[in-house]
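A.B. asks: Sharing a structure with you now.
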Amino acid sequence: MTSIAAQNNRPDWAPWGAEWRYIYNIGVSNPNNKTYIMTASNDTILAGVSARKLTSRVPDYLNGNDLVFPDQYIHHSGDSIFYFNHDRQRFTLLYNMGAKIGDTIKILEPFYYPDEGDSLIYLEVVDTGSIIVMNERLRTLDERTRTILGILL
């Protein structure tokens, strides 16, 4: 797994209109590619913290009925990005781009289905580097999963 973040001190980690696209397959015998699109849309205050709202959808190009997911919220502080954990009503670490080789990053990944709880994922940073995208140097972290623990709520 590789994480990427800007190395500069730009205060706006996910500016309005920023978009992430993830392509995934559904089905084994007859794979069907889908695109999950997440878009930074506006600012808000949540639990007393300034946050950025992210909308998520999977477009349905055949009949126009997009699959829309509940809004998510992120908060940027220093080298870290936090997401709002609705179950716990607080911001929880999502990325720590200041991590160094040998550091372990603990991430609480929520399940979105009732009665399944969360997973606690430990990622060990095995390498760091950088790439240039659109004339901007971005820091990379190569991580490997050390442990995944299921936590029932």
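Labels used: A, B, ... for chains in the order of the structure tokens, numbers from 1 for residues in each chain, and numbers from 1 for ligands as shown.
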Near A:Ala99, within 8 Å and counting only C-alpha atoms, which residues show up once chain neighbours fewer than 5 positions away are dropped, as a list in words?

C.D. replies: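 Here the answer would be Thr104, Ile105, Val125 and Leu141 of chain A.
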
A.B. asks: What gap, in Å, lies between atom CA of A:Thr92 and atom CA of A:Trp13?

C.D. replies: 16.4 Å

A.B. asks: Give the answer as one residue: which of A:Leu46, A:Tyr24, A:Arg144, A:Asn32 has the shortest atom-to-atom distance to A:Gln89, using only C-alpha atoms?

C.D. replies: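 Residue with the minimum atom-to-atom distance to A:Gln89: A:Leu46.
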
A.B. asks: Using atom CA of A:Asp71 and atom CA of A:Leu54 as the two end points, give the distance in Å to one decimal.

C.D. replies: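 Atom-to-atom, atom CA of A:Asp71 to atom CA of A:Leu54, that is 5.7 Å.
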
A.B. asks: Near A:Ala40, within 8 Å and counting only C-alpha atoms, which residues show up once chain neighbours fewer than 2 positions away are dropped, as number ranges by chain?

C.D. replies: A: 14-19, 38, 42, 52-55

A.B. asks: Take the selection from the previous step and output its residues with C-alpha atoms, as a CSV table (one decimal), in the first residue's frame.

C.D. replies:
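Contents of the output file result_10.csv:
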chain,number,residue,atom,x,y,z
A,14,ALA,CA,-8.4,18.6,0.0
A,15,PRO,CA,-9.6,21.8,-1.8
A,16,TRP,CA,-13.2,22.2,-2.8
A,17,GLY,CA,-13.8,20.2,-6.0
A,18,ALA,CA,-10.8,17.8,-5.4
A,19,GLU,CA,-11.9,14.4,-6.6
A,38,MET,CA,-15.3,10.9,-3.7
A,42,ASN,CA,-17.6,22.3,1.4
A,52,ARG,CA,-14.2,19.3,4.9
A,53,LYS,CA,-17.3,17.4,3.7
A,54,LEU,CA,-16.7,14.6,1.2
A,55,THR,CA,-19.5,13.3,-0.9

A.B. asks: If you run DSSP on the backbone, which residues of stretch 6-133 of chain A are strand (DSSP E), as a PyMOL selection string?

C.D. replies: chain A and resi 6+19-26+32-46+49-58+67-77+80-85+90-96+104-110+118-133

A.B. asks: Excluding same-chain residues fewer than 5 positions from A:Arg90, what lies within 9 Å of it counting only C-alpha atoms, as number ranges by chain?

C.D. replies: A: 46-47, 83-85
